[in-house]
Amino acid sequence: MEQTYAIELKNITKRFGKIVANDGINLKVKRGEILSLLGENGSGKTTLMNMISGIYFPDEGHILVDGKAVSIRSPKDSFDLGIGMIHQHFKLIDVMTAAENIILGLKGNAVLDMKKVHKDIQELVDRYGFDLDPAQKVYTMSVSQKQTVEIVKMLYRGANILILDEPTAVLTPQEVDKLFEVLRNMRDDGRAIIIITHKLNEVLELSDRVAILRKGKYIGTLQTSEATVESLTEMMVGEKVSLDINRPMPHDLKKRLTINNITCTNEDGLHVLENVSFEAFGGEVLGVAGISGSGQKELLEAIAGLTKLSSGSVIFHSPEGEDIDLAKYDAAQINELGVRHSFVPEDRLGMGLVGSMGMTGNMLLRSFRKGKGFFTSLKAPKELAEKIKEDLDVVTPDIDYPVRRLSGGNVQKILVGREIASSPAVLLVAYPVRGLDINSSYMIYNLLNKQKERGVSVVCVAEDLDMLLEFCDRIMVLCDGKVTGIVDARKTTKEEVGRLMTSHKEEQ
Amino acid sequence: MDNTVKEPLIHLSKREDMSFGKKWLVRIIAILLSLIVCAGFIFIIIKMNPVEVYEGIVEGAVGTGRRFWVTARDALTLLCVAVAVTPAFKMKFWNIGAEGQILMGCVASAAMMIYAGNALPTGLLLVLMFVCSFIAGGIWGIIPAFFKARWNTNETLFTLMLNYVAMQVVTFCIVYWENPAGSNSVGIINAPTRAGWLPQLFGLDYGWNLAIVLLLTVLMFIYMKRTKHGYEIAVVGESENTARYAGINVGKVIVRTVGISGGIAGIAGFILVSGSSHTISTSTAGGRGFTAIIVAWLAKFNVWAMAVIAFLLVFMQQGAIQIATQYNLNENASEVITGIILFFVIGCEFFINYKLEFRKKHSA
């Protein structure tokens, strides 16, 4: 007897220009099953799911829901078929309550019976063990609560097939455990669940089966019980890659930065950084951990001179033995003082690079003021662009090809390459390997390690705890703009860092 | 649930880069198609021979030496304004106030002609007019730029409203400079002495217009491509965050760039007053401040493409006037023709960037 699947994809292909995002993908999910869709960034996971949820239309292939061929032309079609997608970025209205957000856009009766809505929602919440108050306003919620609202919204609307796009990216370890528990409850209730992820441990912990994509191609589906970290990695990247990141012991430490009690306020008058103090040394990598939005961005921008501080000082101890308080200057003045610090920001194309320009134009960004006179000189940036293209294996048709059209890994190589080229004394990097495939990631780690060995003080903000624990020498943890601890990365555990990241909750 | 097994009939997909030759082939086909559609329009609605009408357009635009030079003069002025708006738009500063900036340049030029026209030697007078109209247009640009840089006001509304202020300034000046009294116009300024009129150059009536505009065009090309200022403009236009990151003072760049943009629009005003109309009225700018925006965008800010497009647009305008008189046609008829041609020219860019995929016959 042939089994019917909740959803089945047959030979799905999607192209964007000359790029084949999905090439003949086959995928099956049963009811009462959690399927992980695993693949590196750019392997086509999100594109595939977007076709199921009606955002894109496949160029070739068929989608079957409950054994019947369907055509999903819009998100509404997808909805009518009982498919619900939870995106990485939530689409909620802040000033409304959870319940109001959940019923938003539904037809319903002429008279709105909020009591019944609350009751129905409460029923769902109890059934699966969510933690949600239907009457709570969204703007008072944490990220994990907002995610809960999105999931309940889909269930309330009768979704039987749930797709979650990297649901754990914004959660703390404790919140992840909770989410997994809820997902298991939903599975046991007979719903089909697909989670998109690139975190192997989550795949092994949560899912029943795992499907792997690599570079837009379907590689295979495994029973999770038969899979191991090594076998999954191998399928994902195509060749066996050691998971160890090389970490040289720091030596010859020299104090480079002393941050004294800095406080920084945002537009709403809230403290995004509060009395932060620490020291950073040349020759080591200082990791900065924290849930996103805990003040990491402001911290780096404050050191780079891009954010005004309310109070405190940022003392730069130059290799020549001078002490300069960077808080007194803006970015241009710091540049003129000859303070050699480089910054790889989080928003690569929106801040670190100019997307419409080629490599040459982007090399110019840091150096265009150099040289007297009115005209820019393209000779040096051109040479630098060629050198970076050569040294870092940047794949681009031409050094004047707009960097916006290059892949994420190449964009990051260009950005890091440029920032290192100025031989900095302090190197600030934010999420250096976010969105990169494994090979590009290792290249970036190696580049940063080389800087460390040269005696540069590297300050690295990241979200991936595994990476921070394996790559950094010390880890400073931020929570709500405050430092909750600085630990030795070689001795600490993931649990300890996770606890520090959420320690504000324990204070209450 | 009604979910039939049908793909949509047509769906779009993005094209990879087209080759240079193919792009121009698409554009040429678009123009030919537009001419055919226009011919249909002429034949069916106006009931005339399309070929004759086309001949009339060419005749009107470049049929005689005089007509050719009028077309060239107007195209040059339009090009000058398009060059003026380029740096502002490249910076994503939506300057729709070129009209007012032109008028302020006109006022400055006319004022110099009237008050200093017979007191200064010709060369010095012209240089002063040039400089003053640049400053006047520049100030009209710097005002909204300063407010944008300082308080982040909306430049679109601000520049638009300043157009009306500029028109009021001109109205006020006309009352002041009325000549002859009671005519409610300024009349031809310095008609007897021709003081402050751009003289002939190389024996051409509009030689100076040509020289000034071409020089400005070349300078703008170099300014945008090769200078530190041009680089800063490109970065600010792409992302203010990137500019901040690179230590560029965004406010300063905005004020400086829009000042230059307004200044060049002011020079277009100088060319209009001194080099062609020799008078001033509220309609001297004649909508060029807006048309120039179309020219600049169509050309994707490439100054050489702007020259071609400016010439084409003026060519059609002049041709329109000719067929309106020659065949006793309503002038709107020719505007329809221009509209059809523009529709095809702009529309073909869609086919350069996207391709349509039709439903395949076999649907399972």
# chains A, B, ... in the order shown; residues from 1 in each chain; ligands from 1

call {"tool": "interface_residues", "arguments": {"of": "chain A", "to": "chain B", "cutoff": "8 Å", "atoms": "only C-alpha atoms", "output": "number ranges by chain"}}
result
A: 15-18, 69-71, 73, 80, 306, 330-332, 335, 350-356, 365-366, 368-369, 374-377

call {"tool": "write_last_selection", "arguments": {"atoms": "N, CA and C atoms", "output": "compact mmCIF listing (two decimals), in the first residue's frame"}}
result
# COMPACT_ATOMS: atom_id res chain seq x y z
N ARG A 15 15.01 28.62 -10.73
CA ARG A 15 16.19 29.36 -11.18
C ARG A 15 16.00 30.84 -10.96
N PHE A 16 17.09 31.52 -10.63
CA PHE A 16 17.12 32.99 -10.62
C PHE A 16 18.20 33.40 -11.59
N GLY A 17 17.81 33.83 -12.79
CA GLY A 17 18.81 34.14 -13.79
C GLY A 17 19.63 32.91 -14.06
N LYS A 18 20.96 33.03 -13.98
CA LYS A 18 21.78 31.85 -14.28
C LYS A 18 22.01 30.99 -13.05
N ALA A 69 -2.07 16.51 -6.29
CA ALA A 69 -1.23 17.54 -6.88
C ALA A 69 -1.92 18.89 -6.71
N VAL A 70 -1.15 19.88 -6.28
CA VAL A 70 -1.72 21.20 -6.06
C VAL A 70 -0.85 22.25 -6.75
N SER A 71 -1.41 23.40 -6.92
CA SER A 71 -0.65 24.51 -7.46
C SER A 71 -0.75 25.66 -6.47
N ARG A 73 -0.03 29.28 -5.80
CA ARG A 73 0.33 30.48 -6.53
C ARG A 73 0.51 31.69 -5.64
N ASP A 80 -4.67 27.98 2.46
CA ASP A 80 -5.88 27.18 2.29
C ASP A 80 -5.56 25.69 2.33
N LEU A 306 31.61 55.61 16.07
CA LEU A 306 30.43 55.87 15.25
C LEU A 306 29.20 56.20 16.10
N ASP A 330 35.23 61.72 16.61
CA ASP A 330 34.37 60.94 15.73
C ASP A 330 35.24 60.13 14.77
N ALA A 331 34.58 59.32 13.93
CA ALA A 331 35.32 58.36 13.11
C ALA A 331 36.37 59.03 12.22
N ALA A 332 36.00 60.16 11.62
CA ALA A 332 36.93 60.84 10.71
C ALA A 332 38.16 61.33 11.46
N ASN A 335 40.49 58.56 12.45
CA ASN A 335 41.24 58.21 11.25
C ASN A 335 42.44 59.14 11.08
N GLY A 350 25.31 47.01 3.85
CA GLY A 350 24.63 48.25 4.21
C GLY A 350 25.50 49.20 4.99
N MET A 351 26.68 48.74 5.43
CA MET A 351 27.53 49.60 6.23
C MET A 351 29.00 49.47 5.86
N GLY A 352 29.47 48.25 5.71
CA GLY A 352 30.90 48.05 5.48
C GLY A 352 31.30 48.26 4.03
N LEU A 353 30.37 48.03 3.12
CA LEU A 353 30.72 48.11 1.71
C LEU A 353 29.66 48.92 0.97
N VAL A 354 30.02 49.30 -0.26
CA VAL A 354 29.06 49.98 -1.12
C VAL A 354 28.65 48.96 -2.18
N GLY A 355 27.41 48.47 -2.08
CA GLY A 355 26.97 47.35 -2.89
C GLY A 355 27.06 47.56 -4.39
N SER A 356 26.81 48.78 -4.85
CA SER A 356 26.77 48.99 -6.29
C SER A 356 28.17 49.15 -6.88
N LEU A 365 37.04 53.03 -0.12
CA LEU A 365 36.20 53.57 0.96
C LEU A 365 37.02 53.99 2.17
N ARG A 366 38.04 53.23 2.49
CA ARG A 366 38.84 53.53 3.67
C ARG A 366 40.00 54.46 3.34
N PHE A 368 40.12 56.82 0.49
CA PHE A 368 39.97 57.81 -0.57
C PHE A 368 40.45 59.20 -0.16
N ARG A 369 40.53 59.44 1.15
CA ARG A 369 40.99 60.76 1.59
C ARG A 369 42.51 60.91 1.43
N PHE A 374 42.31 67.05 -5.38
CA PHE A 374 40.87 66.97 -5.55
C PHE A 374 40.47 65.61 -6.10
N PHE A 375 41.41 64.95 -6.77
CA PHE A 375 41.06 63.74 -7.51
C PHE A 375 41.39 62.48 -6.71
N THR A 376 40.66 61.43 -7.01
CA THR A 376 40.96 60.15 -6.37
C THR A 376 41.98 59.42 -7.24
N SER A 377 42.81 58.65 -6.59
CA SER A 377 43.74 57.83 -7.34
C SER A 377 43.28 56.38 -7.25

call {"tool": "select_by_dssp", "arguments": {"residues": "region 13-209 of chain A", "states": "strand (DSSP E or B)", "output": "ChimeraX atom specification"}}
result
/A:13-16,19-29,33-38,60-65,68-70,83-86,97,137,161-165,192-197,209

call {"tool": "atom_distance", "arguments": {"atom1": "CA of Ile475 (chain A)", "atom2": "CA of Thr492 (chain A)"}}
result
9.1 Å

call {"tool": "residues_around", "arguments": {"residues": "region 454-468 of chain A", "least_positions_apart": "4", "cutoff": "6 Å", "atoms": "only C-alpha atoms", "output": "mmCIF file with C-alpha atoms, in the first residue's frame"}}
result
data_model
loop_
_atom_site.group_PDB
_atom_site.id
_atom_site.type_symbol
_atom_site.label_atom_id
_atom_site.label_comp_id
_atom_site.auth_asym_id
_atom_site.auth_seq_id
_atom_site.Cartn_x
_atom_site.Cartn_y
_atom_site.Cartn_z
ATOM 1 C CA PHE A 281 44.856 42.853 24.658
ATOM 2 C CA GLY A 282 46.945 42.636 21.563
ATOM 3 C CA GLY A 283 47.536 38.991 20.704
ATOM 4 C CA GLU A 284 44.207 37.602 21.871
ATOM 5 C CA VAL A 285 40.695 37.184 20.578
ATOM 6 C CA LEU A 286 38.069 38.597 22.912
ATOM 7 C CA GLY A 287 34.647 37.167 22.127
ATOM 8 C CA VAL A 288 31.478 39.053 22.910
ATOM 9 C CA ALA A 425 46.232 47.432 15.948
ATOM 10 C CA VAL A 426 42.640 46.706 16.954
ATOM 11 C CA LEU A 427 40.296 44.671 14.776
ATOM 12 C CA LEU A 428 36.586 44.760 15.574
ATOM 13 C CA VAL A 429 34.483 42.106 13.883
ATOM 14 C CA ALA A 430 30.750 41.501 14.160
ATOM 15 C CA TYR A 431 29.321 38.100 13.234
ATOM 16 C CA CYS A 472 38.110 32.919 21.248
#

call {"tool": "select_by_dssp", "arguments": {"residues": "region 94-264 of chain B", "states": "alpha helix (DSSP H)", "output": "PyMOL selection string"}}
result
chain B and resi 98-116+122-151+155-177+207-226+228-238+240-245+250-264

call {"tool": "residues_around", "arguments": {"residues": "Ser185 (chain B)", "least_positions_apart": "6", "cutoff": "9 Å", "atoms": "only C-alpha atoms", "output": "number ranges by chain"}}
result
B: 174-175, 177-179, 279-281

call {"tool": "residues_around", "arguments": {"residues": "region 187-202 of chain B", "least_positions_apart": "2", "cutoff": "6 Å", "atoms": "only C-alpha atoms", "output": "PyMOL selection string"}}
result
chain B and resi 113+117+126+179+185+204-205+207-208+274-275+278-279

call {"tool": "atom_distance", "arguments": {"atom1": "CA of Tyr139 (chain A)", "atom2": "CA of Asp94 (chain A)"}}
result
4.7 Å

call {"tool": "residues_around", "arguments": {"residues": "Ser441 (chain A)", "least_positions_apart": "4", "cutoff": "10 Å", "atoms": "only C-alpha atoms", "output": "number ranges by chain"}}
result
A: 245, 409, 412-413, 432-437, 445-447

call {"tool": "closest_residue", "arguments": {"among": "A:Ile212, A:Ile438, A:Ile291, A:Val416", "to": "Thr172 (chain A)", "atoms": "only C-alpha atoms"}}
result
A:Ile291
